[in-house]
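A.B. asks: Sharing start_25.cif below, mmCIF, C-alpha atoms:
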data_final
#
loop_
_atom_site.group_PDB
_atom_site.id
_atom_site.type_symbol
_atom_site.label_atom_id
_atom_site.label_comp_id
_atom_site.auth_asym_id
_atom_site.auth_seq_id
_atom_site.Cartn_x
_atom_site.Cartn_y
_atom_site.Cartn_z
ATOM 1 C CA MET T 1 10.363 -8.916 -38.552
ATOM 2 C CA LYS T 2 6.732 -8.366 -37.538
ATOM 3 C CA ARG T 3 6.346 -12.025 -36.547
ATOM 4 C CA LYS T 4 9.514 -11.848 -34.413
ATOM 5 C CA LEU T 5 8.200 -8.742 -32.652
ATOM 6 C CA ILE T 6 4.865 -10.423 -31.893
ATOM 7 C CA THR T 7 6.679 -13.511 -30.591
ATOM 8 C CA PHE T 8 8.940 -11.366 -28.421
ATOM 9 C CA LEU T 9 6.004 -9.418 -26.981
ATOM 10 C CA SER T 10 4.068 -12.622 -26.306
ATOM 11 C CA ILE T 11 6.995 -14.199 -24.470
ATOM 12 C CA SER T 12 7.533 -10.986 -22.491
ATOM 13 C CA LEU T 13 3.868 -10.871 -21.469
ATOM 14 C CA ILE T 14 3.840 -14.524 -20.437
ATOM 15 C CA SER T 15 7.066 -14.015 -18.475
ATOM 16 C CA LEU T 16 5.591 -11.005 -16.687
ATOM 17 C CA ILE T 17 2.433 -12.919 -15.764
ATOM 18 C CA LEU T 18 4.472 -15.878 -14.486
ATOM 19 C CA TYR T 19 6.724 -13.561 -12.479
ATOM 20 C CA MET T 20 3.755 -11.814 -10.884
ATOM 21 C CA ALA T 21 2.044 -15.120 -10.160
ATOM 22 C CA LEU T 22 5.088 -16.777 -8.628
ATOM 23 C CA SER T 23 6.593 -13.845 -6.712
ATOM 24 C CA GLU T 24 5.646 -13.741 -3.064
ATOM 25 C CA PRO T 25 3.419 -10.839 -1.953
ATOM 26 C CA GLU T 26 4.885 -8.928 0.995
ATOM 27 C CA ASN T 27 3.682 -6.904 3.970
ATOM 28 C CA SER T 28 4.769 -3.301 3.735
ATOM 29 C CA VAL T 29 3.697 -0.198 5.685
ATOM 30 C CA PRO T 30 5.087 3.361 5.388
ATOM 31 C CA GLU T 31 6.697 4.453 8.647
ATOM 32 C CA SER T 32 4.461 7.533 8.927
ATOM 33 C CA ILE T 33 1.268 5.455 9.308
ATOM 34 C CA LYS T 34 2.668 2.349 10.996
ATOM 35 C CA ASP T 35 0.827 2.910 14.293
ATOM 36 C CA GLU T 36 -2.531 3.584 12.617
ATOM 37 C CA VAL T 37 -2.252 0.505 10.386
ATOM 38 C CA ALA T 38 -1.316 -1.657 13.386
ATOM 39 C CA ALA T 39 -4.281 -0.306 15.360
ATOM 40 C CA ALA T 40 -6.706 -1.095 12.539
ATOM 41 C CA LEU T 41 -5.249 -4.553 11.865
ATOM 42 C CA ASP T 42 -5.734 -5.482 15.533
ATOM 43 C CA TYR T 43 -9.469 -5.639 14.794
ATOM 44 C CA PHE T 44 -8.979 -8.123 11.946
ATOM 45 C CA PRO T 45 -7.188 -11.217 13.326
ATOM 46 C CA GLU T 46 -8.291 -13.135 10.204
ATOM 47 C CA LEU T 47 -5.887 -10.999 8.170
ATOM 48 C CA GLU T 48 -2.848 -11.726 10.325
ATOM 49 C CA ASN T 49 -1.190 -13.966 7.720
ATOM 50 C CA ILE T 50 -2.516 -12.160 4.646
ATOM 51 C CA PRO T 51 0.147 -10.057 2.865
ATOM 52 C CA ILE T 52 -1.046 -6.453 2.597
ATOM 53 C CA GLU T 53 1.073 -3.679 1.132
ATOM 54 C CA PHE T 54 0.147 -0.128 2.156
ATOM 55 C CA LYS T 55 1.561 2.468 -0.203
ATOM 56 C CA PHE T 56 1.116 6.157 -0.885
ATOM 57 C CA LYS T 57 -0.036 7.399 -4.268
ATOM 58 C CA LYS T 58 0.014 10.980 -5.512
ATOM 59 C CA LYS T 59 -3.721 10.993 -6.221
ATOM 60 C CA ILE T 60 -6.655 8.563 -6.214
ATOM 61 C CA LYS T 61 -9.665 9.562 -8.288
ATOM 62 C CA LYS T 62 -12.808 10.219 -6.180
ATOM 63 C CA SER T 63 -11.281 8.656 -3.069
ATOM 64 C CA VAL T 64 -8.682 8.943 -0.325
ATOM 65 C CA MET T 65 -7.874 5.223 -0.103
ATOM 66 C CA MET T 66 -8.450 2.157 -2.251
ATOM 67 C CA ALA T 67 -7.930 -1.556 -1.529
ATOM 68 C CA GLN T 68 -7.397 -4.061 -4.316
ATOM 69 C CA PRO T 69 -5.885 -7.499 -4.874
ATOM 70 C CA SER T 70 -2.275 -7.402 -6.043
ATOM 71 C CA PHE T 71 -2.028 -8.220 -9.760
ATOM 72 C CA GLY T 72 -0.258 -11.510 -9.182
ATOM 73 C CA SER T 73 -2.961 -12.598 -6.741
ATOM 74 C CA LEU T 74 -5.421 -13.082 -9.574
ATOM 75 C CA PHE T 75 -3.300 -16.085 -10.602
ATOM 76 C CA ARG T 76 -3.078 -17.517 -7.074
ATOM 77 C CA SER T 77 -5.336 -19.540 -4.841
ATOM 78 C CA ARG T 78 -7.394 -17.534 -2.357
ATOM 79 C CA LYS T 79 -5.257 -18.585 0.624
ATOM 80 C CA ASN T 80 -2.127 -17.227 -1.098
ATOM 81 C CA ARG T 81 -3.655 -13.961 -2.229
ATOM 82 C CA GLY T 82 -2.095 -10.581 -1.386
ATOM 83 C CA TYR T 83 -3.525 -7.062 -1.419
ATOM 84 C CA VAL T 84 -2.509 -3.464 -1.924
ATOM 85 C CA VAL T 85 -4.055 -0.528 -0.060
ATOM 86 C CA LEU T 86 -3.365 2.687 -1.964
ATOM 87 C CA ILE T 87 -3.437 5.894 0.077
ATOM 88 C CA SER T 88 -3.652 9.327 -1.497
ATOM 89 C CA LYS T 89 -0.824 11.535 -0.257
ATOM 90 C CA SER T 90 -3.200 14.477 -0.011
ATOM 91 C CA PHE T 91 -6.801 15.589 -0.459
ATOM 92 C CA LYS T 92 -8.433 18.954 -0.983
ATOM 93 C CA ILE T 93 -10.325 21.085 1.519
ATOM 94 C CA THR T 94 -11.670 24.336 0.041
ATOM 95 C CA GLY T 95 -9.217 24.003 -2.831
ATOM 96 C CA LYS T 96 -6.161 23.591 -0.604
ATOM 97 C CA LYS T 97 -4.239 20.342 -0.382
ATOM 98 C CA PHE T 98 -3.836 18.662 3.015
ATOM 99 C CA LYS T 99 -1.659 15.665 3.736
ATOM 100 C CA THR T 100 -3.670 12.557 4.558
ATOM 101 C CA VAL T 101 -1.271 11.659 7.385
ATOM 102 C CA ASN T 102 -2.198 14.923 9.141
ATOM 103 C CA VAL T 103 -5.862 14.048 9.736
ATOM 104 C CA PRO T 104 -6.766 13.058 13.329
ATOM 105 C CA LYS T 105 -5.353 9.653 14.313
ATOM 106 C CA ASP T 106 -8.760 8.010 14.951
ATOM 107 C CA VAL T 107 -10.062 9.268 11.599
ATOM 108 C CA LEU T 108 -7.094 7.732 9.782
ATOM 109 C CA ILE T 109 -7.586 4.447 11.655
ATOM 110 C CA GLY T 110 -11.240 4.461 10.580
ATOM 111 C CA TRP T 111 -10.303 5.088 6.948
ATOM 112 C CA ILE T 112 -7.826 2.196 7.052
ATOM 113 C CA GLY T 113 -10.407 0.010 8.807
ATOM 114 C CA HIS T 114 -12.860 0.597 5.966
ATOM 115 C CA GLU T 115 -10.240 -0.579 3.448
ATOM 116 C CA LEU T 116 -9.551 -3.681 5.531
ATOM 117 C CA GLY T 117 -13.310 -4.280 5.363
ATOM 118 C CA HIS T 118 -12.880 -4.443 1.590
ATOM 119 C CA VAL T 119 -10.056 -6.954 2.016
ATOM 120 C CA MET T 120 -12.299 -9.121 4.198
ATOM 121 C CA ASP T 121 -14.956 -9.000 1.476
ATOM 122 C CA TYR T 122 -12.419 -9.884 -1.228
ATOM 123 C CA GLN T 123 -11.176 -12.845 0.802
ATOM 124 C CA GLN T 124 -14.609 -14.425 0.491
ATOM 125 C CA LYS T 125 -14.540 -14.331 -3.316
ATOM 126 C CA GLY T 126 -12.876 -16.569 -5.882
ATOM 127 C CA ASN T 127 -10.584 -15.086 -8.517
ATOM 128 C CA LEU T 128 -13.217 -14.995 -11.263
ATOM 129 C CA GLU T 129 -15.642 -13.416 -8.796
ATOM 130 C CA LEU T 130 -13.070 -10.722 -8.048
ATOM 131 C CA ILE T 131 -12.620 -9.921 -11.733
ATOM 132 C CA GLY T 132 -16.400 -9.657 -12.157
ATOM 133 C CA PHE T 133 -16.565 -7.536 -9.017
ATOM 134 C CA GLY T 134 -14.029 -5.086 -10.458
ATOM 135 C CA VAL T 135 -15.917 -4.778 -13.751
ATOM 136 C CA ARG T 136 -19.250 -4.141 -11.994
ATOM 137 C CA TYR T 137 -17.622 -1.614 -9.656
ATOM 138 C CA ILE T 138 -16.452 0.403 -12.659
ATOM 139 C CA LEU T 139 -19.718 0.180 -14.598
ATOM 140 C CA LEU T 140 -22.563 0.086 -12.058
ATOM 141 C CA LYS T 141 -23.257 2.753 -9.431
ATOM 142 C CA GLU T 142 -25.531 0.436 -7.476
ATOM 143 C CA HIS T 143 -22.635 -2.034 -7.196
ATOM 144 C CA VAL T 144 -20.373 0.728 -5.851
ATOM 145 C CA ARG T 145 -22.940 1.401 -3.124
ATOM 146 C CA LYS T 146 -23.195 -2.281 -2.237
ATOM 147 C CA ALA T 147 -19.397 -2.708 -2.141
ATOM 148 C CA GLU T 148 -18.752 0.365 0.022
ATOM 149 C CA ARG T 149 -21.538 -0.404 2.485
ATOM 150 C CA THR T 150 -20.290 -4.001 2.733
ATOM 151 C CA ALA T 151 -16.789 -2.737 3.607
ATOM 152 C CA ASP T 152 -18.249 -0.425 6.268
ATOM 153 C CA LEU T 153 -20.317 -3.300 7.634
ATOM 154 C CA GLU T 154 -17.299 -5.618 7.831
ATOM 155 C CA ALA T 155 -15.380 -2.980 9.811
ATOM 156 C CA VAL T 156 -18.346 -2.403 12.142
ATOM 157 C CA ARG T 157 -18.782 -6.147 12.706
ATOM 158 C CA HIS T 158 -15.118 -6.320 13.688
ATOM 159 C CA GLY T 159 -15.590 -3.735 16.426
ATOM 160 C CA MET T 160 -14.537 -0.577 14.582
ATOM 161 C CA ALA T 161 -17.884 1.241 14.725
ATOM 162 C CA GLU T 162 -16.601 4.271 16.670
ATOM 163 C CA TYR T 163 -13.640 4.714 14.316
ATOM 164 C CA ILE T 164 -15.864 4.464 11.230
ATOM 165 C CA ILE T 165 -18.307 6.976 12.716
ATOM 166 C CA LYS T 166 -15.472 9.407 13.485
ATOM 167 C CA THR T 167 -14.260 9.152 9.898
ATOM 168 C CA LYS T 168 -17.753 9.796 8.506
ATOM 169 C CA LYS T 169 -18.338 12.739 10.856
ATOM 170 C CA PHE T 170 -14.925 14.211 10.019
ATOM 171 C CA ILE T 171 -16.041 14.356 6.389
ATOM 172 C CA LEU T 172 -19.744 15.196 6.758
ATOM 173 C CA ASP T 173 -19.406 17.770 9.557
ATOM 174 C CA ASN T 174 -16.428 19.583 8.059
ATOM 175 C CA ALA T 175 -17.741 22.733 6.358
ATOM 176 C CA GLU T 176 -14.513 23.058 4.367
ATOM 177 C CA ILE T 177 -14.678 19.694 2.614
ATOM 178 C CA ASP T 178 -16.099 19.828 -0.892
ATOM 179 C CA GLU T 179 -19.849 19.111 -1.007
ATOM 180 C CA SER T 180 -19.476 16.688 -3.934
ATOM 181 C CA TYR T 181 -17.288 14.401 -1.799
ATOM 182 C CA LYS T 182 -19.764 14.606 1.088
ATOM 183 C CA GLU T 183 -22.563 13.633 -1.286
ATOM 184 C CA ARG T 184 -20.564 10.601 -2.406
ATOM 185 C CA ILE T 185 -20.208 9.525 1.230
ATOM 186 C CA ARG T 186 -23.956 9.986 1.832
ATOM 187 C CA THR T 187 -24.863 8.066 -1.325
ATOM 188 C CA TYR T 188 -22.550 5.065 -1.194
ATOM 189 C CA TYR T 189 -21.597 4.485 2.452
ATOM 190 C CA LEU T 190 -23.310 3.676 5.750
ATOM 191 C CA SER T 191 -24.352 6.776 7.666
ATOM 192 C CA PRO T 192 -23.349 7.315 11.325
ATOM 193 C CA GLU T 193 -27.000 6.710 12.287
ATOM 194 C CA GLU T 194 -27.109 3.388 10.412
ATOM 195 C CA ILE T 195 -23.888 2.300 12.088
ATOM 196 C CA ARG T 196 -25.281 3.092 15.539
ATOM 197 C CA ASP T 197 -28.451 1.126 14.719
ATOM 198 C CA ILE T 198 -26.339 -1.883 13.675
ATOM 199 C CA VAL T 199 -24.359 -1.731 16.921
ATOM 200 C CA GLU T 200 -27.539 -1.467 19.012
ATOM 201 C CA GLU T 201 -29.083 -4.471 17.236
ATOM 202 C CA LYS T 202 -25.880 -6.443 17.810
ATOM 203 C CA ASP T 203 -25.910 -5.611 21.536
#
If you took the structure in this file and wrote it as structure tokens, what would it be?
C.D. replies:
Amino acid sequence: MKRKLITFLSISLISLILYMALSEPENSVPESIKDEVAAALDYFPELENIPIEFKFKKKIKKSVMMAQPSFGSLFRSRKNRGYVVLISKSFKITGKKFKTVNVPKDVLIGWIGHELGHVMDYQQKGNLELIGFGVRYILLKEHVRKAERTADLEAVRHGMAEYIIKTKKFILDNAEIDESYKERIRTYYLSPEEIRDIVEEKD
């Protein structure tokens, strides 16, 4: 009986992996943020044919948004990879919950642009590199800083500097946003001043 159960579970796991690997990733955007996603994607023509699913999640630990490869993509070639951008339905300001979709339009575009910066970074990595990246992101704070600043930099290089700055200033200049979240932004992400310096050097 035990052997049959193990065999059944093994077959089920293999079937799930094959299904995820062979199923086609799809583009999907919630209607409520369709305009903001389209505006951000306009700055990333390289992602035009890359399947990206944007979906709301009740809560994301320590973040408002998070980009990651779809599970099945880890069994695909890089050119056939798809991604998921998770978006927290709400975040807290002074203990009260506010819907993410209600932040200023340019701020939301900047937040999405940062996540697309992550996708650009992921597109440059092989599958084993991505797995190693995920492990280091969980375990090493210095790797978190490198990953988040790289995503900011990708967005800035693609012309989204003003949007990224507006997003940072919305967080850092808002007296009602929890100080611990502000400190995370200061520690791991590019500052508005650094972004302006990058733009000036580019010009």
A.B. asks: For the provided coordinates, the residues matched by the PyMOL selection byres ((chain T and resi 82-88) around 9) should be stated as a PyMOL selection string.
C.D. replies: chain T and resi 24-27+50-60+63-73+78-81+89-91+99-100+112+115-116+119
A.B. asks: Which of these, T:Glu179, T:Ser191, T:Asp173, T:Lys166, has the shortest distance to Pro104 (chain T) once you count all atoms listed in the file?
C.D. replies: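 Among the listed residues, T:Lys166 lies closest to Pro104 (chain T).
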A.B. asks: Go through T:Ile177, T:Glu193, T:Arg145, T:Gln123 one by one, measure the shortest atom-to-atom distance of each to Ala161 (chain T) using all atoms listed in the file, and give the residue with the smallest value.
C.D. replies: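 For Ala161 (chain T), the nearest of the given residues is T:Glu193.
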A.B. asks: Evaluating the PyMOL selection byres ((chain T and resi 42) around 12) on the displayed file yields which residues, as a list of chain:residue names?
C.D. replies: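 Evaluating the PyMOL selection byres ((chain T and resi 42) around 12) on this file yields T:Asp35, T:Glu36, T:Val37, T:Ala38, T:Ala39, T:Ala40, T:Leu41, T:Tyr43, T:Phe44, T:Pro45, T:Glu46, T:Leu47, T:Glu48, T:Ile109, T:Ile112, T:Gly113, T:Leu116, T:Ala155, T:His158, T:Gly159, T:Met160.
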A.B. asks: Build an axis-aligned box that encloses every atom of region 39-44 of chain T listed in the file, pad it by 8 Å on each side, and report its centre and edge lengths in Å to one decimal, as lines of an AutoDock Vina configuration file.
C.D. replies:
center_x = -6.9
center_y = -4.2
center_z = 13.7
size_x = 21.2
size_y = 23.8
size_z = 19.7
A.B. asks: Under the rule that all atoms listed in the file are counted, which of T:Asn127, T:Ser180, T:Thr150, T:Ser28 is the nearest residue to Phe75 (chain T)?
C.D. replies: T:Asn127
A.B. asks: List the neighbours of Ile165 (chain T) out to 8 Å using only C-alpha atoms; skip same-chain residues closer than 5 positions along the sequence, and give me the result as a PyMOL selection string.
C.D. replies: chain T and resi 110+191-192+195
A.B. asks: Could you list, as a list in words, every residue within 8 Å of Tyr188 (chain T), counting all atoms listed in the file and ignoring same-chain residues fewer than 2 positions away?
C.D. replies: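 Listing them by chain and then by number gives Val144, Arg145, Lys146, Glu148, Arg149, Arg184, Ile185, Arg186 and Leu190 of chain T.
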A.B. asks: Report the distance between CA of Val107 (chain T) and CA of Leu172 (chain T) in Å, rounded to one decimal place.
C.D. replies: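 Distance reported for this atom pair: 12.3 Å.
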A.B. asks: Mind checking which residues fall within 8 Å of Val101 (chain T), counting all atoms listed in the file, ignoring those fewer than 5 positions away in the same chain, and posting them as JSON, numbers by chain?
C.D. replies: {"T": [32, 33, 89, 108]}
A.B. asks: Could you write those residues out with C-alpha atoms, as a short mmCIF file (atom, residue, chain, number, x, y, z; two decimals), keeping the file's coordinate frame?
C.D. replies:
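Output (result-v7.cif):
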data_model
loop_
_atom_site.label_atom_id
_atom_site.label_comp_id
_atom_site.auth_asym_id
_atom_site.auth_seq_id
_atom_site.Cartn_x
_atom_site.Cartn_y
_atom_site.Cartn_z
CA SER T 32 4.46 7.53 8.93
CA ILE T 33 1.27 5.46 9.31
CA LYS T 89 -0.82 11.54 -0.26
CA LEU T 108 -7.09 7.73 9.78
#
A.B. asks: One number please: CA of Asp197 (chain T) to CA of Met120 (chain T), in Å, one decimal.
C.D. replies: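 About the pair CA of Asp197 (chain T) and CA of Met120 (chain T): they are 21.8 Å apart.
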